[in-house]
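Notes for the one structure printed next.
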Amino acid sequence: MNLYLREAETLRRILDELADKGAVKGDVPPAEKILVEAPRDEKFGDFSSSLALVHASAMGVKPPELAAQVAEKLAEMEHVQSAAVAGPGFINWKLTPTAWQETLRELLAHSITFPNIGGGRRVNVEFVSANPTGPLTMGHARGAVIGDALATLFSRFGWQVVREYYTNDAGGQIEILARTVELRMKEAQGTDIGEIPAGLYPGEYLKPIGERLAAQAESAGAAPSGDEIARFAVAEMMSLIRDDLNAVGIRHDRFSSDFKLREDGAVEEAVKQLEADGHLYRGTLPKPKGEDAADWEPREQLLFRATEFGDTDDRPMQRSNGEWTYFAGDIAYHYDKHKRTEGRLIDVWGADHGGYNQRIASALKAVTRGKGELDIVVCQIVRLFRGKDEIRMSKRAGEFVSLRQVVDEVGADALRFTLLTRKPSAPLDFDLNAAVEKSLENPLFYVQYAHARTHSVLRLAREQFPELRDENFFAQADLTPLVAPAELKTIAALAAAPRVFQAALEALEPHRITLWLRDLAGEFHALWSQGREETQLRFIVADDLRLTAARLALVLAVQRGLRVGLEVIGVRPLDEL
RNA sequence: GGUCCCGUAGUUCAGCAGGAUAGAACAUCGGAUUCCUAAUCCGAAGGUCGGAGGUUCGAGUCCUCCCGGGACCGCCA
């Protein structure tokens with residue numbers, strides 16, 4: 001249950017009442033238009049609404065008057081402790097302890113529930129999609145983790161999700177891959193191949209693939225063709241990549257092939273569609289501005305009218321030698337994805353695709369006649385550190401840190417959590433040391449520690465009070481002893497979950513969940529520490545089952561809350577450290 | 001030349017849909033050990049939200065321009 005929406009609904013009913021009495025004129029805004037939020041400063045209470053500031057004039061009253069009338073009605077309500085007008089017309093109110101206790105009871109009965117926003121609609125989340133020419137690097141890790149968390153979020157909110165990987169298994173780089181693997185095969189057959197020539201892939205990871213290809217060639221009794229080598233190499237690389245992803249706990253539902261799409265004529269189909277609507281023409285691009293334009297020559301080619309969709313230039317669909325551009329292939333792929341998804345499309349891209357998103361978004365609009373819904377999440381780069389020292393990665397120089405190396409060092413959980421501590425659009429520094437440090441600087445540790453503490457306290461409590469071994473006991477527990485501000489605040493933090501998670505979904509920013517987890521853990525640690533100074537404030541109070549049960553009910557709710565958040569971001573909660 | 005992203009406390013960053021006196025953490029300083037794990041907690045101090053305009057009752061948030069940092073962009077994939 002989303003408390004904020006419930007309170008907005010309360011406000012709407014109050015407005016209706018005022019309108020019936022003729023106290024206000026005009027239209028009462030729907031609950032969705034009434035903003036209810038948690039005030040920044042606690043002293044303003046539990047909830048705050050700018051309703052009077054926003055809607056007063058439409059209702060024919062002055063903001064302070066409307067606010068005063070609403071506040072008066074609010075204060076009379078049973079679940080409201082107090083309500084007041086502040087500043088230019090804010091309405092602030094506080095719930096009674098009883099109302100918070102009821103909120104907790106509901107959390108115990110249903111845990112944290114999310115509204116069914118998706119309603120079974122379909123969403124396709126495409127992420128990673130690294131070229132199958134090498135193992136995954138730390139550059140891919142961020143998109144992998146963000147995409148996976150987004151996909152989980154969508155399914156929690158009632159969407160039917162497909163996790164997709166688009167394999168770029170056609171084009172020049174695959175030829176290079178095939179040529180390298182052929183060399184590695186010859187090497188395995190005993191030929192001295194010397195150094196891997198410049199322009200090919202020098203990595204050792206292609207050696208075992210060459211060996212397997214050699215073995216296959218021997219049993220087949222014939223040398224494989226170039227095409228066969230390419231298909232073989234891609235299949236092997238994809239299995240390597242899948243292993244890397246599995247190590248982080250990521251599994252895609254579907255792997256699409258650029259090669260197959262082209263073979264099936266998908267590009268021609270998309271081109272036909274665009275041509276029918278007049279989005280294509282033969283023309284010449286203007287000379288690009290900037291430095292090295294010396295060898296530029298004007299050439300006529302097939303162009304897409306991207307400028308009609310707000311792009312700065314029209315974009316080439318075909319190279320001068322007649323081959324389709326990568327852009328054309330991408331349009332075909334997105335068109336295909338749109339047709340089979342019949343719903344929303346989400347692409348999670350790396351920073352290196354930064355300027356490409358509008359182009360593909362406008363092309364999808366064109367090819368689907370405005371029907372395609374595509375959101376693109378561009379993840380900024382990850383800089384890798386060990387303490388203060390940056391580990392530089394350069395793809396060109398072949399120096400990169402593989403995803404696998406980092407997972408082996410810090411574990412999948414630390415990798416996932418750390419990569420979800422910043423919004424996708426902000427650059428992120430990943431410190432290999434800090435990610436596993438057992439200190440406050442490490443938010444994952446802080447959260448896991450809170451979760452472990454909930455376990456240890458529940459375990460101890462159950463030793464003292466056997467009644468508590470039955471979880472149903474908590475559902476029936478008398479919660480009225482929970483009145484301390486810190487306790488009510490913790491319930492409020494839990495109750496904020498649906499709203500935070502929904503905001504994460506709508507903004508496509510799963511990092512908001514890790515921030516919320518840290519907040520909740522903080523509330524819990526604070527609660528715990530109260531017991532140090534005063535024994536009566538401990539969770540377990542000897543000889544007082546009623547008090548202990550109420551507090552433990554809160555602990556249990558925190559535990560479940562932490563677990564729900566960790567599950568969405570794909571981190572395993574630890575029962576003990 | 002162009003596109004995208006970032007600029008908030010000494011540092012790393014939050015800031016939810018434009019809302020009140022801009023929040024945390026780290027570092028600094030001062031506290032908490034007969035106690036469910038002190039791997040934590042409580043408190044203090046710390047700010048011209050890069051700059052200038054604009055929209056608005058109200059701007060860190062939206063718009064324009066400028067400055068600084070980053071990622072990219074040519075019939076490469």
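Simple scheme: letters A, B, ... for chains in structure tokens order, numbers from 1 for residues in each chain, numbers from 1 for ligands in the order shown.
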
Report task. List every residue of range 179-275 of chain A that DSSP, applied to the backbone of this structure, assigns to strand (DSSP E or B), and report them as a list in words. Result -> Arg254, Phe255, Ser256 and Ser257 of chain A

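Near range 65-73 of chain B, within 7 Å and counting only C-alpha atoms (C1' of nucleotides), sit Ala351, Asp352, His353, Gly354 and Gly355 of chain A; G51 of chain B, not including residues fewer than 2 positions from it in the same chain.
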
Okay, now the selection with all heavy atoms, as an mmCIF file, in the first residue's frame?
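out.cif, written as the output of this step:
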```cif
data_model
loop_
_atom_site.group_PDB
_atom_site.id
_atom_site.type_symbol
_atom_site.label_atom_id
_atom_site.label_comp_id
_atom_site.auth_asym_id
_atom_site.auth_seq_id
_atom_site.Cartn_x
_atom_site.Cartn_y
_atom_site.Cartn_z
ATOM 1 N N ALA A 351 28.344 4.319 -22.230
ATOM 2 C CA ALA A 351 28.579 5.733 -22.511
ATOM 3 C C ALA A 351 29.063 5.957 -23.946
ATOM 4 O O ALA A 351 28.874 7.025 -24.518
ATOM 5 C CB ALA A 351 29.603 6.289 -21.534
ATOM 6 N N ASP A 352 29.666 4.922 -24.532
ATOM 7 C CA ASP A 352 30.229 5.101 -25.873
ATOM 8 C C ASP A 352 29.150 5.250 -26.943
ATOM 9 O O ASP A 352 29.433 5.585 -28.076
ATOM 10 C CB ASP A 352 31.176 3.947 -26.216
ATOM 11 C CG ASP A 352 30.520 2.589 -26.015
ATOM 12 O OD1 ASP A 352 29.476 2.530 -25.350
ATOM 13 O OD2 ASP A 352 31.050 1.600 -26.538
ATOM 14 N N HIS A 353 27.906 5.025 -26.552
ATOM 15 C CA HIS A 353 26.816 5.230 -27.513
ATOM 16 C C HIS A 353 26.103 6.555 -27.271
ATOM 17 O O HIS A 353 25.032 6.794 -27.827
ATOM 18 C CB HIS A 353 25.807 4.090 -27.435
ATOM 19 C CG HIS A 353 26.330 2.811 -27.975
ATOM 20 N ND1 HIS A 353 27.216 2.028 -27.258
ATOM 21 C CD2 HIS A 353 26.143 2.173 -29.144
ATOM 22 C CE1 HIS A 353 27.527 0.969 -27.985
ATOM 23 N NE2 HIS A 353 26.892 1.031 -29.126
ATOM 24 N N GLY A 354 26.705 7.368 -26.414
ATOM 25 C CA GLY A 354 26.107 8.620 -25.982
ATOM 26 C C GLY A 354 25.276 9.380 -26.986
ATOM 27 O O GLY A 354 24.096 9.611 -26.773
ATOM 28 N N GLY A 355 25.863 9.743 -28.109
ATOM 29 C CA GLY A 355 25.156 10.611 -29.035
ATOM 30 C C GLY A 355 24.232 9.880 -29.996
ATOM 31 O O GLY A 355 23.631 10.476 -30.876
ATOM 32 P P G B 51 27.501 29.347 -8.759
ATOM 33 O OP1 G B 51 27.556 30.126 -7.498
ATOM 34 O OP2 G B 51 26.293 28.566 -9.094
ATOM 35 O "O5'" G B 51 27.820 30.320 -9.978
ATOM 36 C "C5'" G B 51 28.963 31.172 -9.937
ATOM 37 C "C4'" G B 51 29.015 32.013 -11.183
ATOM 38 O "O4'" G B 51 29.223 31.150 -12.346
ATOM 39 C "C3'" G B 51 27.727 32.748 -11.531
ATOM 40 O "O3'" G B 51 27.586 33.953 -10.791
ATOM 41 C "C2'" G B 51 27.900 32.998 -13.025
ATOM 42 O "O2'" G B 51 28.804 34.056 -13.272
ATOM 43 C "C1'" G B 51 28.538 31.684 -13.464
ATOM 44 N N9 G B 51 27.525 30.714 -13.904
ATOM 45 C C8 G B 51 27.055 29.624 -13.224
ATOM 46 N N7 G B 51 26.151 28.945 -13.899
ATOM 47 C C5 G B 51 26.019 29.638 -15.089
ATOM 48 C C6 G B 51 25.197 29.398 -16.222
ATOM 49 O O6 G B 51 24.381 28.487 -16.407
ATOM 50 N N1 G B 51 25.383 30.371 -17.220
ATOM 51 C C2 G B 51 26.242 31.418 -17.131
ATOM 52 N N2 G B 51 26.273 32.238 -18.181
ATOM 53 N N3 G B 51 27.032 31.656 -16.092
ATOM 54 C C4 G B 51 26.867 30.737 -15.109
#
```

Quick one: which range 6-75 of chain B residues come within 10 Å of range 439-450 of chain A, and what is the nearest atom pair for each with the distance in Å to one decimal, counting only C-alpha atoms (C1' of nucleotides), rows ordered by chain and ascending number, as JSON lines?
```
{"residue": "B:U12", "atom": "C1'", "partner": "A:Glu441", "partner_atom": "CA", "distance": 9.7}
{"residue": "B:A25", "atom": "C1'", "partner": "A:Glu441", "partner_atom": "CA", "distance": 7.1}
{"residue": "B:C26", "atom": "C1'", "partner": "A:Glu441", "partner_atom": "CA", "distance": 6.7}
{"residue": "B:U37", "atom": "C1'", "partner": "A:Tyr449", "partner_atom": "CA", "distance": 9.4}
{"residue": "B:A39", "atom": "C1'", "partner": "A:Ser439", "partner_atom": "CA", "distance": 6.3}
{"residue": "B:U40", "atom": "C1'", "partner": "A:Leu440", "partner_atom": "CA", "distance": 9.3}
```

Go ahead and write the selection's residues with C-alpha atoms (C1' of nucleotides) as a PDB file, in the first residue's frame.
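File result-v3.pdb, as written:
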```pdb
ATOM      1  C1'   U B  12      32.503  11.149  -2.191  1.00  0.00           C
ATOM      2  C1'   A B  25      28.390   9.534   4.665  1.00  0.00           C
ATOM      3  C1'   C B  26      33.701  10.012   5.051  1.00  0.00           C
ATOM      4  C1'   U B  37      27.756  -8.003  17.723  1.00  0.00           C
ATOM      5  C1'   A B  39      31.918  -4.054  12.408  1.00  0.00           C
ATOM      6  C1'   U B  40      27.574   0.346  15.699  1.00  0.00           C
TER       7        U B  40
END
```

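Omitting Thr191 in chain A and its sequence neighbours fewer than 5 positions away, and counting only C-alpha atoms (C1' of nucleotides), the residues within 12 Å are Glu182, Leu183, Arg184, Met185, Lys186 and Ala214 of chain A.
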
Resulting file, chosen residues, N, CA and C atoms, as a PDB file, in the first residue's frame:
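The resulting file, out.pdb, is shown below:
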```pdb
ATOM      1  N   GLU A 182      40.955 -18.722 -36.822  1.00  0.00           N
ATOM      2  CA  GLU A 182      41.551 -19.613 -37.819  1.00  0.00           C
ATOM      3  C   GLU A 182      43.053 -19.768 -37.548  1.00  0.00           C
ATOM      4  N   LEU A 183      43.687 -18.629 -37.225  1.00  0.00           N
ATOM      5  CA  LEU A 183      45.109 -18.679 -36.880  1.00  0.00           C
ATOM      6  C   LEU A 183      45.347 -19.555 -35.652  1.00  0.00           C
ATOM      7  N   ARG A 184      44.488 -19.364 -34.656  1.00  0.00           N
ATOM      8  CA  ARG A 184      44.632 -20.146 -33.422  1.00  0.00           C
ATOM      9  C   ARG A 184      44.413 -21.634 -33.696  1.00  0.00           C
ATOM     10  N   MET A 185      43.539 -21.924 -34.661  1.00  0.00           N
ATOM     11  CA  MET A 185      43.308 -23.321 -35.042  1.00  0.00           C
ATOM     12  C   MET A 185      44.587 -23.892 -35.654  1.00  0.00           C
ATOM     13  N   LYS A 186      45.188 -23.101 -36.547  1.00  0.00           N
ATOM     14  CA  LYS A 186      46.421 -23.569 -37.189  1.00  0.00           C
ATOM     15  C   LYS A 186      47.514 -23.772 -36.156  1.00  0.00           C
ATOM     16  N   ALA A 214      40.092 -26.902 -34.078  1.00  0.00           N
ATOM     17  CA  ALA A 214      41.011 -27.860 -34.691  1.00  0.00           C
ATOM     18  C   ALA A 214      40.512 -29.287 -34.482  1.00  0.00           C
TER      19      ALA A 214
END
```

Requested in this report: Please report as an MDAnalysis selection string which residues of chain B come no farther than 10 Å from chain A, using only C-alpha atoms (C1' of nucleotides).
Outcome: chainID B and resid 1:6 12:17 19:26 32:33 35:42 57:58 70:77

Sel. of helix (DSSP H, G or I) residues, range 412-444 of chain A, as a PDB file with N, CA and C atoms, in the first residue's frame:
```pdb
ATOM      1  N   ALA A 412      30.026 -11.259  -6.518  1.00  0.00           N
ATOM      2  CA  ALA A 412      28.948 -10.696  -7.332  1.00  0.00           C
ATOM      3  C   ALA A 412      28.138  -9.664  -6.548  1.00  0.00           C
ATOM      4  N   ASP A 413      27.938  -9.908  -5.254  1.00  0.00           N
ATOM      5  CA  ASP A 413      27.097  -9.004  -4.474  1.00  0.00           C
ATOM      6  C   ASP A 413      27.704  -7.609  -4.364  1.00  0.00           C
ATOM      7  N   ALA A 414      28.989  -7.556  -4.030  1.00  0.00           N
ATOM      8  CA  ALA A 414      29.651  -6.256  -3.900  1.00  0.00           C
ATOM      9  C   ALA A 414      29.688  -5.550  -5.250  1.00  0.00           C
ATOM     10  N   LEU A 415      29.898  -6.320  -6.306  1.00  0.00           N
ATOM     11  CA  LEU A 415      29.917  -5.734  -7.642  1.00  0.00           C
ATOM     12  C   LEU A 415      28.568  -5.099  -7.964  1.00  0.00           C
ATOM     13  N   ARG A 416      27.508  -5.864  -7.744  1.00  0.00           N
ATOM     14  CA  ARG A 416      26.168  -5.367  -8.085  1.00  0.00           C
ATOM     15  C   ARG A 416      25.818  -4.151  -7.255  1.00  0.00           C
ATOM     16  N   PHE A 417      26.002  -4.265  -5.965  1.00  0.00           N
ATOM     17  CA  PHE A 417      25.589  -3.177  -5.084  1.00  0.00           C
ATOM     18  C   PHE A 417      26.350  -1.901  -5.407  1.00  0.00           C
ATOM     19  N   THR A 418      27.668  -2.022  -5.541  1.00  0.00           N
ATOM     20  CA  THR A 418      28.491  -0.838  -5.792  1.00  0.00           C
ATOM     21  C   THR A 418      28.110  -0.175  -7.112  1.00  0.00           C
ATOM     22  N   LEU A 419      27.823  -0.976  -8.110  1.00  0.00           N
ATOM     23  CA  LEU A 419      27.462  -0.398  -9.410  1.00  0.00           C
ATOM     24  C   LEU A 419      26.074   0.241  -9.370  1.00  0.00           C
ATOM     25  N   ALA A 434      37.394  -0.653  -1.382  1.00  0.00           N
ATOM     26  CA  ALA A 434      36.231  -0.168  -0.644  1.00  0.00           C
ATOM     27  C   ALA A 434      35.034  -1.098  -0.807  1.00  0.00           C
ATOM     28  N   ALA A 435      34.939  -1.758  -1.949  1.00  0.00           N
ATOM     29  CA  ALA A 435      33.769  -2.597  -2.224  1.00  0.00           C
ATOM     30  C   ALA A 435      33.639  -3.755  -1.241  1.00  0.00           C
ATOM     31  N   VAL A 436      34.750  -4.175  -0.666  1.00  0.00           N
ATOM     32  CA  VAL A 436      34.680  -5.309   0.255  1.00  0.00           C
ATOM     33  C   VAL A 436      35.079  -4.913   1.675  1.00  0.00           C
ATOM     34  N   PRO A 443      28.512   0.886   1.875  1.00  0.00           N
ATOM     35  CA  PRO A 443      27.079   0.811   2.158  1.00  0.00           C
ATOM     36  C   PRO A 443      26.538  -0.611   2.126  1.00  0.00           C
ATOM     37  N   LEU A 444      27.131  -1.457   1.303  1.00  0.00           N
ATOM     38  CA  LEU A 444      26.652  -2.842   1.259  1.00  0.00           C
ATOM     39  C   LEU A 444      26.880  -3.500   2.612  1.00  0.00           C
TER      40      LEU A 444
END
```

Query raised in the report: From the set B:G18, B:U34, B:A27, B:G43, which residue has the shortest atom-to-atom contact distance to A59 in chain B, counting only C-alpha atoms (C1' of nucleotides)?
Result: B:G18

Report task. Just give me the gap between CA of Phe309 in chain A and CA of Ser362 in chain A in Å, one decimal is fine. Result -> 5.6 Å

Query - CA of Pro115 in chain A to CA of Val377 in chain A, straight-line distance in Å - result: 23.5 Å

Report task. Write out as a list in words each polymer residue whose atoms come within 7 Å of range 484-495 of chain A, counting only C-alpha atoms (C1' of nucleotides); drop sequence neighbours fewer than 5 positions from it. Result -> Leu3, Trp100, Leu104, Leu520, Glu523, Phe524, Leu527 and Gly561 of chain A

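Of note, CA of His55 in chain A and CA of Lys94 in chain A are spaced 21.9 Å apart.
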
Query - Spatial neighbours of His334 in chain A, max dist 12 Å, only C-alpha atoms (C1' of nucleotides), sep filter under 2 positions, as a PyMOL selection string - result: chain A and resi 124-126+164+166+256+258+261+266-267+270+327-332+336-342+344-347+360-368+372-375

Requested in this report: Please provide the set of residues having any atom within 12 Å of G54 in chain B, restricted to only C-alpha atoms (C1' of nucleotides), with same-chain residues fewer than 2 positions apart removed, written as a ChimeraX atom specification.
Outcome: /B:52,56,59,62-65

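Proximity to Leu468 in chain A at 10 Å, evaluated using only C-alpha atoms (C1' of nucleotides) and with sequence-adjacent residues fewer than 3 positions away removed, yields A:Leu458, A:Arg459, A:Ala461, A:Arg462, A:Glu463, A:Gln464, A:Phe465, A:Glu471, A:Asn472, A:Phe473, A:Phe474, A:Ala477, A:Leu545, A:Thr548, A:Ala549, A:Leu552, A:Ala553.
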